[in-house]
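To start, the structure itself, in C-alpha cells.
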Amino acid sequence: MKDVMMVVGAGQIGMAIARRVGYGKKIVLGDKKWENAQAIAGIMCDAGFDVTAVKTDISSRDSIRNLTAEAQKYGEISLFVNAAGVSPSQASIRTILNVDLYGTAVLLEEVGRIIRKGGAGVTISSQSGHRLPALGAEMDEQLACTPTEELLRLDILQEEHIGDTLHAYQLAKRCNVKRVMAEAVKWGTRGARLNSISPGIVVTPLAIDEFNGPRGDFYKNMFAACPAGRPGTADEVANVAELLLSEKGAFITGSDILIDGGATASYFYGPLKPEA
C-alpha cells in the first residue's frame with residue numbers, strides 16, 4: 001500500500017502541484033472531462049509518476065464518494081488537492097454555485113472524514129473572493145458553517161440576488177475560504193491540516209478563456225498594472241502548495257494565501273482601484 005495523493009481537477013495548476021509533491025505516491029486524479037484526466041495522467045506517467053485517472057463530477061456527492069473510494073483502494077489519503085472549477089466566462093450562475101461552491105464544500109467534508117493523521121489538503125480559491133466587499137459576520141458564518149446540503153438554499157446564494165456570473169464566482173470563492181476555516185477545525189481532530197490558495201491571473205486554459213471573454217480587457221489590464229507587472233504561472237502556485245502540504249507548513253491550517261502579484265493590493269489602494 002502506498003501513501004495516496006488525491007487531486008481533483010486535471011488542469012495546469014493541479015498537475016503542477018502533483019508533480020511537485022506527488023513523487024513516490026499513488027496519485028488518483030479526478031476530472032469531469034475524462035479525456036483531460038487521461039491526458040494529464042499520461043503525461044505524468046511518462047515522467048515516472050504513478051497516476052490513475054477517474055471521471056469525477058464534483059457537483060455530485062456520489063461521484064466524489066466514488067473518487068475517494070477509488071483512492072482508498074491504494075492506501076490512506078495523505079495529500080489532497082482540489083484544483084477543479086469553472087470560471088465566470090465558462091458557465092452559468094447555477095453551474096458556478098454547484099461546482100465551485102457546493103462541490104468544494106462536499107469535497108472538503110468527504111475528504112475530511114478519511115484524511116490520514118498527519119495529512120494535509122489544499123483547495124484552490126481565487127483573488128476574486130478578496131475583491132468581494134465584506135459580507136458581515138453573520139453571512140460569513142453562514143457560508144462557513146451551514147450544513148453542506150443546505151448551502152445552496154441560503155438567501156444570499158439565490159439567483160435573484162446575484163448580479164452576474166462574476167458575482168457568483170466571487171461568492172463561491174469567498175465561501176471556499178470561509179469553508180476551509182471551518183473544515184480545518186474538523187480536520188484538526190484527525191491531526192490533519194487544510195488551507196486554501198487564492199491565485200490571481202495565472203496563465204492556464206481557464207485564464208485564456210477569461211482573456212478572450214467579456215472581461216478580457218479588465219483582466220489584461222489587471223496583470224499589466226499590478227506591482228508584478230505580469231500574470232503568474234502554475235508552478236508559482238505549486239511553490240505555495242508545496243509549503244502548505246509539507247512539514248514546513250505544519251503550523252499553517254485554516255488559512256488562505258493570496259498569490260496574485262499584488263493585483264488585489266492595487267485594486268484597493270493603487271491604479272486598479274475602480275474609481276481610478
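Ordering of the C-alpha cells sets the chain letters (A, B, ...), residue numbers begin anew at 1 in every chain, and ligands are numbered from 1 in the order given.
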Surrounding residues of segment 21-34 of chain A excluding itself and chain neighbours under 2 positions, 8 Å, only C-alpha atoms, as a VMD selection string
chain A and resid 2 to 10 17 to 19 36 to 38 41 49 to 58 67 70 to 71 74 84 242
Same residues, N, CA and C atoms, saved as an mmCIF file, in the first residue's frame:
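Generated output (result-v3.cif):
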```cif
data_model
loop_
_atom_site.group_PDB
_atom_site.id
_atom_site.type_symbol
_atom_site.label_atom_id
_atom_site.label_comp_id
_atom_site.auth_asym_id
_atom_site.auth_seq_id
_atom_site.Cartn_x
_atom_site.Cartn_y
_atom_site.Cartn_z
ATOM 1 N N LYS A 2 0.441 2.261 -0.723
ATOM 2 C CA LYS A 2 1.200 3.498 -0.829
ATOM 3 C C LYS A 2 0.478 4.636 -0.105
ATOM 4 N N ASP A 3 1.249 5.701 0.181
ATOM 5 C CA ASP A 3 0.593 6.957 0.505
ATOM 6 C C ASP A 3 -0.122 7.422 -0.755
ATOM 7 N N VAL A 4 -1.308 7.961 -0.586
ATOM 8 C CA VAL A 4 -2.106 8.370 -1.736
ATOM 9 C C VAL A 4 -2.262 9.886 -1.755
ATOM 10 N N MET A 5 -2.084 10.456 -2.931
ATOM 11 C CA MET A 5 -2.368 11.868 -3.160
ATOM 12 C C MET A 5 -3.587 11.939 -4.063
ATOM 13 N N MET A 6 -4.627 12.580 -3.591
ATOM 14 C CA MET A 6 -5.847 12.718 -4.386
ATOM 15 C C MET A 6 -5.906 14.128 -4.955
ATOM 16 N N VAL A 7 -5.979 14.213 -6.274
ATOM 17 C CA VAL A 7 -6.012 15.504 -6.958
ATOM 18 C C VAL A 7 -7.303 15.594 -7.749
ATOM 19 N N VAL A 8 -8.041 16.679 -7.560
ATOM 20 C CA VAL A 8 -9.271 16.898 -8.307
ATOM 21 C C VAL A 8 -9.058 18.109 -9.203
ATOM 22 N N GLY A 9 -9.246 17.906 -10.493
ATOM 23 C CA GLY A 9 -9.017 18.980 -11.452
ATOM 24 C C GLY A 9 -7.775 18.719 -12.277
ATOM 25 N N ALA A 10 -7.971 18.187 -13.492
ATOM 26 C CA ALA A 10 -6.843 17.828 -14.359
ATOM 27 C C ALA A 10 -6.462 19.020 -15.229
ATOM 28 N N ILE A 17 1.118 21.052 -9.030
ATOM 29 C CA ILE A 17 1.234 20.672 -7.618
ATOM 30 C C ILE A 17 1.539 19.182 -7.487
ATOM 31 N N ALA A 18 0.860 18.366 -8.280
ATOM 32 C CA ALA A 18 1.085 16.918 -8.221
ATOM 33 C C ALA A 18 2.525 16.565 -8.584
ATOM 34 N N ARG A 19 3.073 17.224 -9.585
ATOM 35 C CA ARG A 19 4.462 16.956 -9.967
ATOM 36 C C ARG A 19 5.436 17.402 -8.876
ATOM 37 N N ASN A 36 -9.458 14.882 -20.382
ATOM 38 C CA ASN A 36 -8.463 15.709 -19.692
ATOM 39 C C ASN A 36 -7.718 14.896 -18.632
ATOM 40 N N ALA A 37 -8.472 14.135 -17.851
ATOM 41 C CA ALA A 37 -7.864 13.313 -16.803
ATOM 42 C C ALA A 37 -6.894 12.310 -17.410
ATOM 43 N N GLN A 38 -7.290 11.668 -18.504
ATOM 44 C CA GLN A 38 -6.411 10.691 -19.150
ATOM 45 C C GLN A 38 -5.156 11.353 -19.723
ATOM 46 N N ALA A 41 -2.863 12.342 -16.812
ATOM 47 C CA ALA A 41 -2.321 11.109 -16.236
ATOM 48 C C ALA A 41 -1.246 10.523 -17.151
ATOM 49 N N PHE A 49 5.674 9.184 -12.791
ATOM 50 C CA PHE A 49 4.717 9.197 -11.688
ATOM 51 C C PHE A 49 3.734 8.037 -11.841
ATOM 52 N N ASP A 50 3.082 7.695 -10.743
ATOM 53 C CA ASP A 50 2.091 6.611 -10.723
ATOM 54 C C ASP A 50 0.709 7.250 -10.594
ATOM 55 N N VAL A 51 0.008 7.385 -11.716
ATOM 56 C CA VAL A 51 -1.241 8.150 -11.742
ATOM 57 C C VAL A 51 -2.369 7.312 -12.321
ATOM 58 N N THR A 52 -3.503 7.346 -11.651
ATOM 59 C CA THR A 52 -4.723 6.728 -12.156
ATOM 60 C C THR A 52 -5.788 7.803 -12.313
ATOM 61 N N ALA A 53 -6.431 7.838 -13.471
ATOM 62 C CA ALA A 53 -7.468 8.828 -13.757
ATOM 63 C C ALA A 53 -8.845 8.266 -13.422
ATOM 64 N N VAL A 54 -9.701 9.120 -12.859
ATOM 65 C CA VAL A 54 -11.064 8.738 -12.509
ATOM 66 C C VAL A 54 -11.998 9.865 -12.959
ATOM 67 N N LYS A 55 -13.042 9.521 -13.704
ATOM 68 C CA LYS A 55 -14.013 10.537 -14.101
ATOM 69 C C LYS A 55 -14.787 10.984 -12.866
ATOM 70 N N THR A 56 -14.795 12.288 -12.617
ATOM 71 C CA THR A 56 -15.384 12.807 -11.383
ATOM 72 C C THR A 56 -16.110 14.115 -11.642
ATOM 73 N N ASP A 57 -17.330 14.193 -11.166
ATOM 74 C CA ASP A 57 -18.122 15.420 -11.228
ATOM 75 C C ASP A 57 -18.285 15.923 -9.803
ATOM 76 N N ILE A 58 -17.604 17.019 -9.442
ATOM 77 C CA ILE A 58 -17.624 17.425 -8.037
ATOM 78 C C ILE A 58 -18.938 18.066 -7.622
ATOM 79 N N LEU A 67 -14.787 8.679 -6.162
ATOM 80 C CA LEU A 67 -13.370 9.036 -6.274
ATOM 81 C C LEU A 67 -12.605 8.686 -5.001
ATOM 82 N N GLU A 70 -12.112 4.969 -4.750
ATOM 83 C CA GLU A 70 -11.051 4.512 -5.657
ATOM 84 C C GLU A 70 -9.682 4.820 -5.068
ATOM 85 N N ALA A 71 -9.523 6.020 -4.513
ATOM 86 C CA ALA A 71 -8.240 6.403 -3.926
ATOM 87 C C ALA A 71 -7.874 5.490 -2.762
ATOM 88 N N TYR A 74 -5.801 2.105 -2.831
ATOM 89 C CA TYR A 74 -4.346 2.069 -2.928
ATOM 90 C C TYR A 74 -3.655 2.364 -1.598
ATOM 91 N N ALA A 84 -10.184 21.937 -9.077
ATOM 92 C CA ALA A 84 -11.286 21.900 -10.038
ATOM 93 C C ALA A 84 -12.099 23.177 -9.956
ATOM 94 N N GLU A 242 3.404 23.521 -2.132
ATOM 95 C CA GLU A 242 4.453 22.656 -1.573
ATOM 96 C C GLU A 242 4.703 23.002 -0.110
#
```
Between atom CA of Asp164 of chain A and atom CA of Ala144 of chain A, what is the spacing in Å?
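Interatomic distance here is 22.4 Å.
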Pro231 of chain A: which residues within 12 Å, counting only C-alpha atoms, same-chain residues fewer than 6 positions away excluded, as a list in words?
Pro199, Gly200, Ile201, Val202, Val203, Thr204, Ala207, Ile208, Phe211, Tyr219, Lys220, Asn221, Met222, Phe223, Ala224, Ala225, Val237, Ile259, Asp260, Gly261, Gly262 and Ala263 of chain A
Secondary structure check, alpha helix (DSSP H) residues of segment 61-268 of chain A, as a ChimeraX atom specification:
/A:61-72,93-96,104-112,128-131,137-145,165-188,205-211,216-225,234-245,263-268
Nearby residues (only C-alpha atoms) at most 8 Å from Tyr102 of chain A, same-chain spacing under 5 positions excluded, as a list in words
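Contacts, with the query itself left out: Ser59, Leu97, Thr148, Leu151 and Leu152 of chain A.
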Take the residues from that selection and put them in a file with N, CA, C and O atoms, as an mmCIF file, in the first residue's frame.
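To be explicit, this is the file written out as out.cif:
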```cif
data_model
loop_
_atom_site.group_PDB
_atom_site.id
_atom_site.type_symbol
_atom_site.label_atom_id
_atom_site.label_comp_id
_atom_site.auth_asym_id
_atom_site.auth_seq_id
_atom_site.Cartn_x
_atom_site.Cartn_y
_atom_site.Cartn_z
ATOM 1 N N SER A 59 -19.842 18.306 -8.563
ATOM 2 C CA SER A 59 -21.164 18.790 -8.166
ATOM 3 C C SER A 59 -22.050 17.648 -7.674
ATOM 4 O O SER A 59 -23.181 17.875 -7.244
ATOM 5 N N LEU A 97 -22.170 27.990 -8.884
ATOM 6 C CA LEU A 97 -22.519 27.690 -7.491
ATOM 7 C C LEU A 97 -22.483 26.190 -7.214
ATOM 8 O O LEU A 97 -22.029 25.749 -6.149
ATOM 9 N N THR A 148 -23.765 21.279 4.521
ATOM 10 C CA THR A 148 -23.444 21.328 3.096
ATOM 11 C C THR A 148 -24.675 21.201 2.205
ATOM 12 O O THR A 148 -24.816 21.930 1.216
ATOM 13 N N LEU A 151 -26.520 24.518 1.852
ATOM 14 C CA LEU A 151 -25.782 25.711 1.417
ATOM 15 C C LEU A 151 -26.485 26.466 0.293
ATOM 16 O O LEU A 151 -26.653 27.686 0.351
ATOM 17 N N LEU A 152 -26.883 25.749 -0.723
ATOM 18 C CA LEU A 152 -27.444 26.406 -1.902
ATOM 19 C C LEU A 152 -28.836 26.975 -1.661
ATOM 20 O O LEU A 152 -29.390 27.638 -2.537
#
```
Exercise: Ile156 of chain A partners within 10 Å, only C-alpha atoms, chain neighbours under 5 positions left out, as a list in words:
Leu135, Met139, Gln142, Leu143, Leu151, His161, Ile162 and Leu171 of chain A
Selected residues written out with all heavy atoms, as a short mmCIF file (atom, residue, chain, number, x, y, z; two decimals), in the first residue's frame:
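Below is the file that was written, part29.cif:
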```cif
data_model
loop_
_atom_site.label_atom_id
_atom_site.label_comp_id
_atom_site.auth_asym_id
_atom_site.auth_seq_id
_atom_site.Cartn_x
_atom_site.Cartn_y
_atom_site.Cartn_z
N LEU A 135 -19.10 40.87 3.72
CA LEU A 135 -20.49 40.40 3.80
C LEU A 135 -21.06 40.53 5.20
O LEU A 135 -22.27 40.46 5.38
CB LEU A 135 -20.57 38.94 3.35
CG LEU A 135 -20.13 38.65 1.91
CD1 LEU A 135 -20.14 37.15 1.66
CD2 LEU A 135 -21.03 39.38 0.92
N MET A 139 -23.25 36.55 7.64
CA MET A 139 -23.19 35.87 6.35
C MET A 139 -21.93 35.02 6.23
O MET A 139 -21.95 33.92 5.67
CB MET A 139 -23.28 36.87 5.21
CG MET A 139 -24.67 37.45 5.02
SD MET A 139 -24.79 38.48 3.54
CE MET A 139 -26.49 39.04 3.68
N GLN A 142 -22.59 31.88 7.98
CA GLN A 142 -23.49 31.03 7.19
C GLN A 142 -22.71 30.29 6.10
O GLN A 142 -22.91 29.09 5.90
CB GLN A 142 -24.58 31.89 6.55
CG GLN A 142 -25.64 32.38 7.52
CD GLN A 142 -26.66 33.28 6.85
OE1 GLN A 142 -26.53 33.63 5.67
NE2 GLN A 142 -27.69 33.67 7.58
N LEU A 143 -21.84 30.99 5.40
CA LEU A 143 -21.05 30.36 4.34
C LEU A 143 -20.11 29.31 4.91
O LEU A 143 -19.86 28.27 4.30
CB LEU A 143 -20.26 31.41 3.57
CG LEU A 143 -21.07 32.38 2.72
CD1 LEU A 143 -20.16 33.42 2.09
CD2 LEU A 143 -21.86 31.64 1.62
N LEU A 151 -26.52 24.52 1.85
CA LEU A 151 -25.78 25.71 1.42
C LEU A 151 -26.48 26.47 0.29
O LEU A 151 -26.65 27.69 0.35
CB LEU A 151 -24.38 25.30 0.95
CG LEU A 151 -23.20 25.59 1.85
CD1 LEU A 151 -21.92 25.04 1.24
CD2 LEU A 151 -23.06 27.07 2.17
N HIS A 161 -30.52 37.40 -6.29
CA HIS A 161 -29.66 38.30 -5.51
C HIS A 161 -28.24 38.34 -6.07
O HIS A 161 -27.36 38.97 -5.46
CB HIS A 161 -29.62 37.84 -4.05
CG HIS A 161 -30.96 37.88 -3.39
ND1 HIS A 161 -31.34 36.99 -2.40
CD2 HIS A 161 -32.03 38.70 -3.58
CE1 HIS A 161 -32.56 37.26 -2.01
NE2 HIS A 161 -33.01 38.29 -2.72
N ILE A 162 -28.02 37.68 -7.19
CA ILE A 162 -26.67 37.61 -7.78
C ILE A 162 -26.70 38.32 -9.12
O ILE A 162 -27.48 37.99 -10.02
CB ILE A 162 -26.23 36.14 -7.94
CG1 ILE A 162 -26.15 35.47 -6.56
CG2 ILE A 162 -24.88 36.06 -8.64
CD1 ILE A 162 -25.85 33.99 -6.61
N LEU A 171 -18.69 35.08 -4.88
CA LEU A 171 -19.35 34.48 -3.72
C LEU A 171 -18.84 33.07 -3.46
O LEU A 171 -18.61 32.66 -2.32
CB LEU A 171 -20.86 34.45 -3.94
CG LEU A 171 -21.60 35.78 -3.76
CD1 LEU A 171 -23.02 35.66 -4.31
CD2 LEU A 171 -21.63 36.19 -2.28
#
```
Calculated over only C-alpha atoms, which of the candidates A:Lys117, A:Ser128, A:Gly103, A:Ala182 has the smallest distance to Glu149 of chain A?
A:Gly103
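Backbone DSSP over segment 77-176 of chain A yields strand (DSSP E) at A:Ile77, A:Ser78, A:Leu79, A:Phe80, A:Val81, A:Asn82, A:Ala120, A:Gly121, A:Val122, A:Thr123, A:Ile124.
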Distance query Asp100 of chain A at most 7 Å, only C-alpha atoms, self and fewer than 4 positions along chain excluded, as a CSV table (one decimal) with N, CA, C and O atoms, in the first residue's frame:
```
chain,number,residue,atom,x,y,z
A,85,GLY,N,-12.8,23.5,-11.0
A,85,GLY,CA,-13.7,24.6,-11.0
A,85,GLY,C,-14.0,25.2,-12.4
A,85,GLY,O,-13.4,24.7,-13.4
A,86,VAL,N,-14.9,26.1,-12.5
A,86,VAL,CA,-15.3,26.7,-13.7
A,86,VAL,C,-15.2,28.2,-13.5
A,86,VAL,O,-15.2,28.7,-12.3
A,96,ILE,N,-21.8,27.6,-11.6
A,96,ILE,CA,-20.7,28.1,-10.8
A,96,ILE,C,-20.9,27.8,-9.3
A,96,ILE,O,-20.1,27.3,-8.6
A,104,THR,N,-17.0,22.2,-3.9
A,104,THR,CA,-15.8,22.3,-3.0
A,104,THR,C,-16.2,22.0,-1.6
A,104,THR,O,-15.4,21.3,-0.9
A,172,ALA,N,-18.7,32.3,-4.5
A,172,ALA,CA,-18.2,30.9,-4.4
A,172,ALA,C,-16.8,30.9,-3.8
A,172,ALA,O,-16.5,30.1,-2.9
```
Excluding Trp187 of chain A and its own-chain neighbours fewer than 5 positions away, which residues fall within 8 Å of it when counting only C-alpha atoms? Please give them as a PDB file with C-alpha atoms, in the first residue's frame.
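Contents of selection.pdb, as written:
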```pdb
ATOM      1  CA  GLY A 112     -12.013  15.345   5.924  1.00  0.00           C
ATOM      2  CA  ARG A 113     -13.696  12.145   7.087  1.00  0.00           C
ATOM      3  CA  ILE A 115      -7.704  12.001   5.540  1.00  0.00           C
ATOM      4  CA  ALA A 192      -4.672  16.861   9.604  1.00  0.00           C
ATOM      5  CA  ARG A 193      -4.388  20.344   8.097  1.00  0.00           C
ATOM      6  CA  LEU A 194      -6.371  22.215   5.449  1.00  0.00           C
TER       7      LEU A 194
END
```
Distance in Å - atom CA of Asn98 of chain A versus atom CA of Tyr169 of chain A
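Between atom CA of Asn98 of chain A and atom CA of Tyr169 of chain A the gap works out to 10.7 Å.
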